[in-house]
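Notes for the one structure printed next.
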Amino acid sequence: MRWAFIVGARPQFIKLAPLAHELQRCRIPFQIIHTGQHYDDNMSRLFFEELNIPRADINLNIGSMSHGAQTGEMLARIEDSLKEKRPAIVCVFGDTNSTLAGALAASKLKIPVAHVEAGLRSYNFEMPEEQNRIVTDHLSTLLFCPTQKAMAQLSDEGIEDGKKYSGSYLRERTVVLSGDVMADALFSFSLKAAEKRSALALGLEEDGYALVTLHRAENTDPPGRLRKIIHELGELQLPLVFSLHPRTEKVLRKEQIELPENIRIIEPQGYLEMISLERTARCIITDSGGVQKEAYLLKVPCITVRAETEWPETLTHGWNRLAERDGTLHVTEKVEEAMALDRDKAQWPACYGDGHAAEKIRESIVSWEERFL
């Protein structure tokens with residue numbers, strides 16, 4: 001029995017870690033195929049080292065391309081790898097091009113697909129991530145949902161536990177409320193991250209700065225969009241630490257955007273350093289789905305520079321706020337609202353499980369194998 005994990009981007013390395021550790025504990029063999037979607041050392045190699053993930057068995061080194069070219073190259077190269085290794089099951093994570101390519105390659109070869117973090121929807125079909133997650137869910141045999149809302153979404157789309165199909169690799173759906181593997185990772189590494197004291201190392205006062213991450217195409221690609229966001233950030237009476245993604249850095253240089261005095265650039269952070277900076281921030285300003293969720297788990301107010309989120313649970317009690325409304329940015333306003341949140345009194349439902357998602361996923365896949373393989 002051998003499982004194949006397909007990963008390629010920073011959030012996927014975090015999601016892989018708890019499941020890889022769980023399989024190692026149970027002595028279940030697996031292999032890791034790394035597409036190379038994120039290839040910067042601080043966004044790839046460092047995560048494997050910090051999270052104690054085994055080195056990838058195959059690294060495709062595909063790198064940055066247009067969405068279609070990148071997905072197509074991944075599809076062809078992953079297919080070759082799967083033909084050679086013939087795993088019993090292929091596990092994909094989240095909603096990147098690596099996710100979609102892995103699910104397509106496996107299903108074409110009639111290898112069952114397990115989708116970890118299934119059922120999320122932003123309802124914005126212009127987002128590549130939304131396209132990727134929808135197609136992946138509909139190709140998957142086993143779907144592991146982080147929340148009850150994700151379970152309900154799959155049911156609305158006709159993807160239900162126990163539903164029968166004709167075919168070899170997808171005979172019956174398995175849909176499981178597993179909880180969130182990113183919560184597993186954060187709970188496991190939070191003490192180690194706290195020891196980093198990253199804010200102090202940067203000369204920052206705890207609870208005296210905002211942490212910024214921006215990388216999504218909707219905020220970097222439209223002309224003038226990033227300039228407008230940077231202008232609003234400059235209006236804030238608060239030091240900002242901006243962990244700069246390579247894509248965003250290219251746009252800053254291309255458009256010759258000058259940064260306000262309150263913004264301090266730092267390079268992309270490793271997982272432990274990032275969690276350390278998140279936990280001591282006054283608030284977090286981001287367009288990342290994973291960082292939104294980490295902010296919620298750490299009970300740090302978040303401002304999402306988007307018009308929607310695939311994590312609606314974070315919005316319910318004011319821990320997360322959307323900074324775009326009717327096509328207009330309201331970053332400054334939403335940051336001020338977030339900083340006014342009384343963290344001690346605000347309700348905080350534990351939406352993302354008990355830190356044992358990886359164990360539930362492993363048990364479910366093993367049970368499925370015993371029935372169908």
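Order determines the names: the first chain of the structure tokens is A, the second B, and so forth; residues in each chain are numbered 1 upward, and ligands are numbered 1 upward as they are shown.
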
Can you list every residue of range 189-224 of chain A that has an atom at most 12 Å from range 121-141 of chain A, with its nearest atom pair and the distance in Å to one decimal, using only C-alpha atoms, ordered by chain then number, as CSV?
residue,atom,partner,partner_atom,distance
A:Arg216,CA,A:Met127,CA,9.0
A:Ala217,CA,A:Met127,CA,8.4
A:Glu218,CA,A:Met127,CA,7.8
A:Asn219,CA,A:Met127,CA,11.3

Next on the checklist: Taking only range 185-237 of chain A into account, list the residues labelled helix (DSSP H, G or I) by DSSP (computed from the backbone), as an MDAnalysis selection string.
Outcome noted: chainID A and resid 185:194 198:201 217:220 225:234

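Running DSSP on the backbone gives strand (DSSP E) for these residues within range 85-162 of chain A: A:Ile89, A:Val90, A:Cys91, A:Val92, A:Phe93, A:Val113, A:Ala114, A:His115, A:Val116, A:Leu142, A:Leu143, A:Phe144, A:Cys145.
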
Checklist outcome for this item: Atom pair CA of Lys196 in chain A + CA of Thr280 in chain A, distance 11.4 Å

Checklist entry - Can you tell me how far CA of Asp207 in chain A sits from CA of Ser188 in chain A, in Å to one decimal? => result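 Answer for the CA of Asp207 in chain A to CA of Ser188 in chain A separation: 23.1 Å.
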
Next on the checklist: Give me, as a PyMOL selection string, all polymer residues having an atom no more than 9 Å from Ala118 in chain A, counting only C-alpha atoms and skipping those fewer than 4 positions away in the same chain.
Outcome noted: chain A and resi 93-95+133-134+136-137+143-146+150-151+154+175
